[in-house]
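Structure data (TSV, C-alpha atoms) from final-v4.tsv:
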```
chain	number	residue	atom	x	y	z
A	1	MET	CA	-7.52	24.99	-11.66
A	2	VAL	CA	-9.24	24.35	-8.35
A	3	SER	CA	-12.79	25.36	-9.15
A	4	ALA	CA	-15.80	25.05	-6.89
A	5	ASP	CA	-17.00	22.20	-9.06
A	6	PHE	CA	-13.78	20.29	-8.50
A	7	VAL	CA	-14.12	20.65	-4.75
A	8	MET	CA	-17.82	19.89	-4.52
A	9	LYS	CA	-18.36	17.07	-7.01
A	10	ILE	CA	-16.39	13.97	-6.18
A	11	GLY	CA	-15.84	11.75	-9.19
A	12	LEU	CA	-13.49	9.14	-10.50
A	13	ASN	CA	-10.79	11.77	-11.05
A	14	HIS	CA	-10.47	12.52	-7.39
A	15	TYR	CA	-9.90	8.94	-6.39
A	16	LEU	CA	-7.41	8.38	-9.20
A	17	ILE	CA	-5.39	11.46	-8.31
A	18	LEU	CA	-5.37	10.48	-4.64
A	19	SER	CA	-4.13	7.07	-5.70
A	20	ALA	CA	-1.38	8.62	-7.83
A	21	ILE	CA	-0.23	10.80	-4.93
A	22	LEU	CA	-0.15	7.87	-2.52
A	23	PHE	CA	1.78	5.79	-5.04
A	24	SER	CA	4.37	8.54	-5.47
A	25	LEU	CA	4.72	8.86	-1.70
A	26	GLY	CA	5.46	5.16	-1.51
A	27	MET	CA	7.98	5.44	-4.32
A	28	VAL	CA	9.78	8.31	-2.61
A	29	GLY	CA	9.82	6.28	0.59
A	30	VAL	CA	11.47	3.32	-1.10
A	31	LEU	CA	14.05	5.56	-2.74
A	32	LEU	CA	14.78	7.77	0.24
A	33	ARG	CA	14.72	5.58	3.31
A	34	ARG	CA	17.57	3.34	4.41
A	35	ASN	CA	15.73	1.07	6.81
A	36	ALA	CA	14.68	-2.15	5.08
A	37	ILE	CA	11.46	-2.40	7.10
A	38	VAL	CA	10.40	1.14	6.30
A	39	MET	CA	11.06	0.33	2.64
A	40	LEU	CA	8.68	-2.64	2.97
A	41	MET	CA	6.09	-0.33	4.52
A	42	SER	CA	6.45	2.01	1.57
A	43	ILE	CA	5.81	-0.91	-0.77
A	44	GLU	CA	2.61	-1.63	1.16
A	45	LEU	CA	1.67	2.02	0.64
A	46	MET	CA	2.10	1.64	-3.12
A	47	LEU	CA	-0.01	-1.53	-3.19
A	48	ASN	CA	-2.76	0.27	-1.29
A	49	ALA	CA	-2.71	3.12	-3.77
A	50	VAL	CA	-3.22	0.65	-6.59
A	51	ASN	CA	-6.10	-0.94	-4.66
A	52	ILE	CA	-7.85	2.43	-4.41
A	53	SER	CA	-7.69	2.90	-8.16
A	54	PHE	CA	-8.95	-0.67	-8.79
A	55	VAL	CA	-11.97	-0.20	-6.54
A	56	SER	CA	-12.81	3.24	-7.89
A	57	PHE	CA	-12.58	2.07	-11.51
A	58	GLY	CA	-14.82	-0.86	-10.65
A	59	ARG	CA	-17.29	1.41	-8.93
A	60	TYR	CA	-17.57	3.94	-11.73
A	61	ASN	CA	-17.82	1.31	-14.45
A	62	ASN	CA	-20.36	-0.79	-12.54
A	63	ASN	CA	-18.05	-3.76	-12.66
A	64	ILE	CA	-17.23	-5.89	-9.65
A	65	ASP	CA	-14.08	-7.43	-11.14
A	66	GLY	CA	-12.05	-4.58	-9.68
A	67	GLN	CA	-12.81	-5.77	-6.18
A	68	ILE	CA	-11.81	-9.32	-7.06
A	69	MET	CA	-8.49	-7.98	-8.27
A	70	VAL	CA	-8.11	-6.16	-4.95
A	71	PHE	CA	-8.53	-9.47	-3.14
A	72	PHE	CA	-5.70	-10.98	-5.10
A	73	VAL	CA	-3.50	-7.93	-4.57
A	74	MET	CA	-4.14	-8.05	-0.82
A	75	THR	CA	-3.24	-11.72	-0.61
A	76	ILE	CA	-0.06	-11.22	-2.58
A	77	ALA	CA	0.79	-8.21	-0.41
A	78	ALA	CA	0.38	-10.21	2.79
A	79	ALA	CA	2.59	-12.97	1.36
A	80	GLU	CA	5.15	-10.42	0.27
A	81	ALA	CA	5.22	-8.83	3.71
A	82	ALA	CA	5.73	-12.23	5.34
A	83	VAL	CA	8.64	-13.12	3.07
A	84	GLY	CA	10.15	-9.64	3.32
A	85	LEU	CA	10.04	-9.66	7.09
A	86	ALA	CA	11.50	-13.15	7.23
A	87	LEU	CA	14.33	-11.89	5.05
A	88	ALA	CA	14.74	-8.89	7.35
A	89	VAL	CA	14.98	-11.19	10.38
A	90	SER	CA	17.54	-13.32	8.57
A	91	ILE	CA	19.56	-10.24	7.61
A	92	PHE	CA	19.39	-8.88	11.13
A	93	LYS	CA	20.72	-12.15	12.53
A	94	ARG	CA	23.77	-11.91	10.30
A	95	PHE	CA	24.54	-8.20	10.19
A	96	LYS	CA	22.94	-7.02	13.48
A	97	GLU	CA	21.42	-4.17	11.46
A	98	VAL	CA	18.57	-3.65	8.99
A	99	ASN	CA	19.92	-0.46	7.49
A	100	VAL	CA	20.64	-1.19	3.82
A	101	ARG	CA	23.88	0.73	4.09
A	102	TYR	CA	25.45	-2.23	5.89
A	103	PHE	CA	24.64	-4.88	3.34
A	104	GLU	CA	24.69	-3.02	0.10
A	105	HIS	CA	27.51	-5.02	-1.49
A	106	LEU	CA	25.59	-8.32	-1.61
A	107	LYS	CA	28.47	-10.05	0.13
A	108	GLY	CA	27.77	-13.43	1.64
B	1	MET	CA	-20.33	21.44	1.15
B	2	THR	CA	-22.06	18.12	0.83
B	3	ALA	CA	-21.32	15.31	3.23
B	4	ASP	CA	-19.84	13.18	0.44
B	5	ALA	CA	-17.35	15.81	-0.60
B	6	PHE	CA	-16.40	16.60	2.99
B	7	LEU	CA	-15.86	12.92	3.74
B	8	PHE	CA	-13.68	12.47	0.69
B	9	TRP	CA	-11.47	15.46	1.44
B	10	PHE	CA	-11.14	14.45	5.07
B	11	LEU	CA	-10.12	10.91	4.12
B	12	ALA	CA	-7.74	12.22	1.48
B	13	LEU	CA	-6.11	14.35	4.18
B	14	VAL	CA	-5.83	11.34	6.51
B	15	THR	CA	-4.34	9.03	3.89
B	16	ILE	CA	-1.90	11.51	2.40
B	17	GLY	CA	-0.88	12.84	5.81
B	18	GLY	CA	-0.37	9.30	7.07
B	19	GLY	CA	1.58	8.37	3.96
B	20	SER	CA	3.87	11.36	4.35
B	21	LEU	CA	4.48	10.56	7.99
B	22	VAL	CA	5.44	6.99	7.04
B	23	ILE	CA	8.34	8.28	5.00
B	24	LEU	CA	9.24	11.23	7.24
B	25	MET	CA	9.34	9.68	10.72
B	26	ARG	CA	12.83	8.70	11.81
B	27	ASN	CA	11.63	6.06	14.27
B	28	PRO	CA	10.28	2.98	12.44
B	29	ILE	CA	7.64	2.40	15.13
B	30	TYR	CA	6.14	5.81	14.38
B	31	SER	CA	6.24	4.93	10.70
B	32	ALA	CA	4.25	1.78	11.44
B	33	LEU	CA	1.71	3.82	13.44
B	34	ALA	CA	1.32	6.27	10.57
B	35	LEU	CA	0.87	3.33	8.20
B	36	VAL	CA	-1.98	2.03	10.37
B	37	PHE	CA	-3.65	5.45	10.06
B	38	THR	CA	-3.22	5.31	6.32
B	39	MET	CA	-4.70	1.81	6.12
B	40	CYS	CA	-7.74	2.89	8.14
B	41	GLY	CA	-8.18	5.87	5.83
B	42	VAL	CA	-7.97	3.64	2.77
B	43	SER	CA	-10.52	1.28	4.30
B	44	ALA	CA	-12.90	4.20	4.87
B	45	LEU	CA	-12.35	5.26	1.26
B	46	PHE	CA	-13.44	1.77	0.19
B	47	VAL	CA	-16.62	2.31	2.23
B	48	THR	CA	-17.31	5.57	0.40
B	49	LEU	CA	-16.87	3.64	-2.85
B	50	GLY	CA	-19.45	1.06	-1.78
B	51	ALA	CA	-16.99	-1.81	-1.42
B	52	TYR	CA	-17.96	-2.80	2.11
B	53	PHE	CA	-16.55	-6.28	2.10
B	54	VAL	CA	-13.21	-5.16	0.73
B	55	ALA	CA	-13.14	-2.44	3.39
B	56	GLY	CA	-13.59	-5.04	6.11
B	57	VAL	CA	-10.91	-7.25	4.64
B	58	GLN	CA	-8.59	-4.25	4.40
B	59	LEU	CA	-9.06	-3.52	8.10
B	60	ILE	CA	-8.62	-7.14	9.18
B	61	VAL	CA	-5.76	-8.16	6.90
B	62	TYR	CA	-3.76	-4.93	6.65
B	63	ALA	CA	-4.46	-2.89	9.74
B	64	GLY	CA	-4.73	-6.10	11.74
B	65	ALA	CA	-2.49	-8.90	10.60
B	66	VAL	CA	0.18	-7.28	8.43
B	67	MET	CA	0.77	-4.34	10.75
B	68	VAL	CA	1.01	-6.61	13.79
B	69	LEU	CA	3.63	-8.58	11.87
B	70	PHE	CA	5.54	-5.38	11.12
B	71	VAL	CA	5.41	-4.15	14.70
B	72	MET	CA	6.42	-7.55	16.08
B	73	VAL	CA	9.47	-7.67	13.82
B	74	LEU	CA	10.35	-4.10	14.75
B	75	MET	CA	10.16	-4.99	18.42
B	76	LEU	CA	12.39	-7.97	17.75
B	77	PHE	CA	15.13	-5.64	16.55
B	78	ASP	CA	16.61	-3.14	18.93
B	79	LEU	CA	16.46	-0.05	16.77
B	80	LYS	CA	16.46	2.72	19.33
B	81	HIS	CA	19.50	4.30	17.76
B	82	GLU	CA	18.40	4.79	14.19
B	83	ILE	CA	21.41	6.10	12.32
B	84	GLU	CA	21.17	7.39	8.78
B	85	ALA	CA	17.44	6.94	8.47
B	86	PHE	CA	17.53	8.73	5.15
B	87	ALA	CA	19.81	8.18	2.18
B	88	LYS	CA	22.85	10.40	2.05
B	89	GLY	CA	23.45	13.05	-0.59
B	90	GLN	CA	21.51	16.30	-0.91
B	91	ILE	CA	21.47	16.27	-4.70
B	92	SER	CA	20.41	12.66	-5.14
B	93	GLY	CA	17.78	13.13	-2.43
B	94	ALA	CA	16.43	16.18	-4.23
B	95	ILE	CA	16.35	14.22	-7.48
B	96	LYS	CA	14.45	11.38	-5.80
B	97	ILE	CA	11.83	13.69	-4.29
B	98	LEU	CA	11.58	15.54	-7.60
B	99	SER	CA	11.03	12.32	-9.52
B	100	GLY	CA	8.28	11.32	-7.11
B	101	GLY	CA	6.60	14.69	-7.57
B	102	LEU	CA	7.05	14.40	-11.32
B	103	LEU	CA	5.38	10.98	-11.37
B	104	ALA	CA	2.41	12.26	-9.37
B	105	GLY	CA	2.18	15.36	-11.54
B	106	ILE	CA	2.32	13.46	-14.83
B	107	VAL	CA	-0.24	10.87	-13.79
B	108	GLY	CA	-2.53	13.50	-12.25
B	109	GLY	CA	-2.23	15.71	-15.31
B	110	ALA	CA	-3.03	12.79	-17.58
B	111	ILE	CA	-6.10	11.98	-15.50
B	112	LEU	CA	-7.30	15.58	-15.54
B	113	ALA	CA	-6.58	15.99	-19.25
B	114	SER	CA	-8.45	12.89	-20.35
B	115	THR	CA	-11.87	14.13	-21.40
B	116	LYS	CA	-13.47	10.75	-20.96
B	117	LEU	CA	-12.83	10.75	-17.24
B	118	SER	CA	-13.10	14.41	-16.44
B	119	SER	CA	-16.84	14.63	-16.84
B	120	PRO	CA	-18.30	14.18	-13.37
B	121	THR	CA	-19.67	10.71	-13.74
B	122	ASP	CA	-23.16	9.93	-12.61
B	123	ALA	CA	-22.67	8.54	-9.15
B	124	ALA	CA	-22.18	4.98	-10.34
B	125	GLY	CA	-25.73	4.59	-11.55
B	126	ALA	CA	-27.57	1.64	-10.17
B	127	ALA	CA	-25.30	-0.05	-7.68
B	128	VAL	CA	-25.24	-3.83	-7.57
B	129	VAL	CA	-28.05	-5.13	-5.41
B	130	ASP	CA	-25.90	-7.12	-2.99
B	131	PRO	CA	-22.23	-6.46	-3.71
B	132	SER	CA	-20.84	-9.03	-1.29
B	133	LYS	CA	-23.05	-11.78	-2.70
B	134	ALA	CA	-22.16	-10.90	-6.28
B	135	LEU	CA	-18.50	-10.77	-5.28
B	136	GLY	CA	-18.54	-14.20	-3.69
B	137	TYR	CA	-20.45	-15.68	-6.61
B	138	LYS	CA	-18.01	-14.32	-9.15
B	139	LEU	CA	-14.98	-15.29	-7.07
B	140	PHE	CA	-16.06	-18.91	-6.72
B	141	THR	CA	-17.23	-19.43	-10.28
B	142	GLN	CA	-15.27	-17.34	-12.70
B	143	HIS	CA	-12.03	-16.93	-10.75
B	144	ILE	CA	-11.94	-20.26	-8.97
B	145	PHE	CA	-8.61	-21.31	-10.45
B	146	ALA	CA	-6.88	-18.12	-9.34
B	147	PHE	CA	-8.42	-18.56	-5.90
B	148	GLU	CA	-7.06	-22.10	-5.54
B	149	ALA	CA	-3.68	-21.03	-6.87
B	150	LEU	CA	-3.59	-18.33	-4.19
B	151	GLY	CA	-4.24	-20.99	-1.57
B	152	VAL	CA	-1.24	-22.98	-2.79
B	153	LEU	CA	0.85	-19.81	-2.88
B	154	LEU	CA	-0.03	-18.99	0.73
B	155	LEU	CA	1.01	-22.48	1.84
B	156	VAL	CA	4.34	-22.14	0.04
B	157	ILE	CA	4.86	-18.69	1.56
B	158	ALA	CA	4.09	-19.93	5.07
B	159	VAL	CA	6.64	-22.75	4.79
B	160	GLY	CA	9.17	-20.53	3.04
B	161	ALA	CA	8.94	-17.71	5.58
B	162	VAL	CA	9.60	-20.09	8.46
B	163	ALA	CA	12.51	-21.73	6.64
B	164	LEU	CA	13.95	-18.33	5.76
B	165	ALA	CA	13.67	-16.95	9.26
B	166	ARG	CA	15.37	-20.04	10.71
B	167	SER	CA	18.37	-19.86	8.40
B	168	LYS	CA	21.49	-18.03	9.49
B	169	GLY	CA	21.59	-15.88	6.34
B	170	GLY	CA	24.14	-15.82	3.57
B	171	THR	CA	24.87	-18.58	1.10
B	172	HIS	CA	28.33	-19.80	2.00
B	173	GLY	CA	28.30	-19.58	5.74
B	174	GLN	CA	28.95	-22.44	8.07
B	175	ARG	CA	25.77	-24.32	8.80
```
Any chance you could give the structure as structure tokens?
Amino acid sequence: MVSADFVMKIGLNHYLILSAILFSLGMVGVLLRRNAIVMLMSIELMLNAVNISFVSFGRYNNNIDGQIMVFFVMTIAAAEAAVGLALAVSIFKRFKEVNVRYFEHLKG
Amino acid sequence: MTADAFLFWFLALVTIGGGSLVILMRNPIYSALALVFTMCGVSALFVTLGAYFVAGVQLIVYAGAVMVLFVMVLMLFDLKHEIEAFAKGQISGAIKILSGGLLAGIVGGAILASTKLSSPTDAAGAAVVDPSKALGYKLFTQHIFAFEALGVLLLVIAVGAVALARSKGGTHGQR
């Protein structure tokens, strides 16, 4: 499948596949890791993967709306990180631990 | 090999390697470091796509602000003794990794199989004359409502994050 053409000519496909791989890495991170902060980092990874595909679609369709969408995604991601970390601090104060194993029963 | 292709493969290596290290490192600080590498790689990918302003914002907001926030919170916790960094269970872990690989494979296969995309596109034809200017113009005319709504959202988030971090946690604790 890997032909010389695939290696030499970079097109929309390449960026989209890279984005898909990064997104899957983030998904595996959320599923596999137990540390709440590393799970948040994996979510950031997924949002970045989506940003790559937005920008590359915008580039190859000569449309700048993709980049505007990336702005919005970045802002929401920053807000999400702030709230997630505030929650992590709050959880750490109560449980002295950010490993999800210790607060998996949703007890008060 | 042309410079474009080399740059893309190098950046792909950086981003995917960084992303893998994020989920493989046992120490969260190393994960944060790997995430910074990934963010820088993604920012460079934006440059190769001609989105210079977005690349700058990516570096400032993600690699700068968000990662500093992550590292500060990590330093706040004393997590030298990370126990059970990964979920337990060999079989469920294998299923999780498999499902991640399956997702990437299905999406990648769909991208490769779609004939509309697979033709090597002309390198984005005539690029916009001044992308940043066009971007700002469009943002402040066509998407002005979403922009203002984001401003309100950020204010709410700033207040909410402080309130949340000050609380003791839990819903029926003693205040």
With all atoms listed in the file considered, list every residue of chain A at most 7 Å from chain B, as a PDB file with C-alpha atoms, keeping the file's coordinate frame.
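Writing the result to selection-v9.pdb gives the following:
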```
ATOM      1  CA  MET A   8     -17.820  19.890  -4.520  1.00  0.00           C
ATOM      2  CA  LYS A   9     -18.360  17.070  -7.010  1.00  0.00           C
ATOM      3  CA  ILE A  10     -16.390  13.970  -6.180  1.00  0.00           C
ATOM      4  CA  GLY A  11     -15.840  11.750  -9.190  1.00  0.00           C
ATOM      5  CA  LEU A  12     -13.490   9.140 -10.500  1.00  0.00           C
ATOM      6  CA  ASN A  13     -10.790  11.770 -11.050  1.00  0.00           C
ATOM      7  CA  ILE A  17      -5.390  11.460  -8.310  1.00  0.00           C
ATOM      8  CA  LEU A  18      -5.370  10.480  -4.640  1.00  0.00           C
ATOM      9  CA  ALA A  20      -1.380   8.620  -7.830  1.00  0.00           C
ATOM     10  CA  ILE A  21      -0.230  10.800  -4.930  1.00  0.00           C
ATOM     11  CA  LEU A  22      -0.150   7.870  -2.520  1.00  0.00           C
ATOM     12  CA  SER A  24       4.370   8.540  -5.470  1.00  0.00           C
ATOM     13  CA  LEU A  25       4.720   8.860  -1.700  1.00  0.00           C
ATOM     14  CA  MET A  27       7.980   5.440  -4.320  1.00  0.00           C
ATOM     15  CA  VAL A  28       9.780   8.310  -2.610  1.00  0.00           C
ATOM     16  CA  GLY A  29       9.820   6.280   0.590  1.00  0.00           C
ATOM     17  CA  LEU A  31      14.050   5.560  -2.740  1.00  0.00           C
ATOM     18  CA  LEU A  32      14.780   7.770   0.240  1.00  0.00           C
ATOM     19  CA  ARG A  33      14.720   5.580   3.310  1.00  0.00           C
ATOM     20  CA  ARG A  34      17.570   3.340   4.410  1.00  0.00           C
ATOM     21  CA  ASN A  35      15.730   1.070   6.810  1.00  0.00           C
ATOM     22  CA  VAL A  38      10.400   1.140   6.300  1.00  0.00           C
ATOM     23  CA  SER A  56     -12.810   3.240  -7.890  1.00  0.00           C
ATOM     24  CA  ARG A  59     -17.290   1.410  -8.930  1.00  0.00           C
ATOM     25  CA  TYR A  60     -17.570   3.940 -11.730  1.00  0.00           C
ATOM     26  CA  ASN A  62     -20.360  -0.790 -12.540  1.00  0.00           C
ATOM     27  CA  ILE A  64     -17.230  -5.890  -9.650  1.00  0.00           C
ATOM     28  CA  GLN A  67     -12.810  -5.770  -6.180  1.00  0.00           C
ATOM     29  CA  ILE A  68     -11.810  -9.320  -7.060  1.00  0.00           C
ATOM     30  CA  ALA A  78       0.380 -10.210   2.790  1.00  0.00           C
ATOM     31  CA  ALA A  79       2.590 -12.970   1.360  1.00  0.00           C
ATOM     32  CA  ALA A  82       5.730 -12.230   5.340  1.00  0.00           C
ATOM     33  CA  VAL A  83       8.640 -13.120   3.070  1.00  0.00           C
ATOM     34  CA  ALA A  86      11.500 -13.150   7.230  1.00  0.00           C
ATOM     35  CA  LEU A  87      14.330 -11.890   5.050  1.00  0.00           C
ATOM     36  CA  VAL A  89      14.980 -11.190  10.380  1.00  0.00           C
ATOM     37  CA  SER A  90      17.540 -13.320   8.570  1.00  0.00           C
ATOM     38  CA  ILE A  91      19.560 -10.240   7.610  1.00  0.00           C
ATOM     39  CA  LYS A  93      20.720 -12.150  12.530  1.00  0.00           C
ATOM     40  CA  ARG A  94      23.770 -11.910  10.300  1.00  0.00           C
ATOM     41  CA  GLY A 108      27.770 -13.430   1.640  1.00  0.00           C
TER      42      GLY A 108
END
```
Centre and size of axis-aligned box enclosing stretch 64-75 of chain B plus 5 Å each side, as JSON:
```
{"center_x": 2.8, "center_y": -6.5, "center_z": 13.4, "size_x": 25.1, "size_y": 14.8, "size_z": 20.0}
```
Given all atoms listed in the file as the counted atoms, nearest of A:Asn99, A:Ser53, A:Thr75, A:Ser42 to A:His14: A:Ser53
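Atom pair atom CA of A:Leu45 / atom CA of B:Ala34: separated by 10.8 Å.
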Atom CA of A:Val70 to atom CA of A:Ile52: how many Å, to one decimal? 8.6 Å
Coordinates-based distance that separates atom CA of B:Ile144 from atom CA of A:Phe57 (Å, one decimal): 22.5 Å
Contacts of A:Met69 within 9 Å, only C-alpha atoms, excl. fewer than 3 positions in-chain, as a list in words: Asn51, Phe54, Val55, Asp65, Gly66, Phe72, Val73 and Met74 of chain A
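Of the listed residues A:Val100, A:Asn63, A:Met46, A:Ala36, the one whose atoms come nearest to A:Gly84 is A:Ala36, with distances taken using all atoms listed in the file.
Closest approach to A:Ala81 among B:Phe145, B:Val36, B:Val68, B:Phe140: B:Val68, based on only C-alpha atoms.
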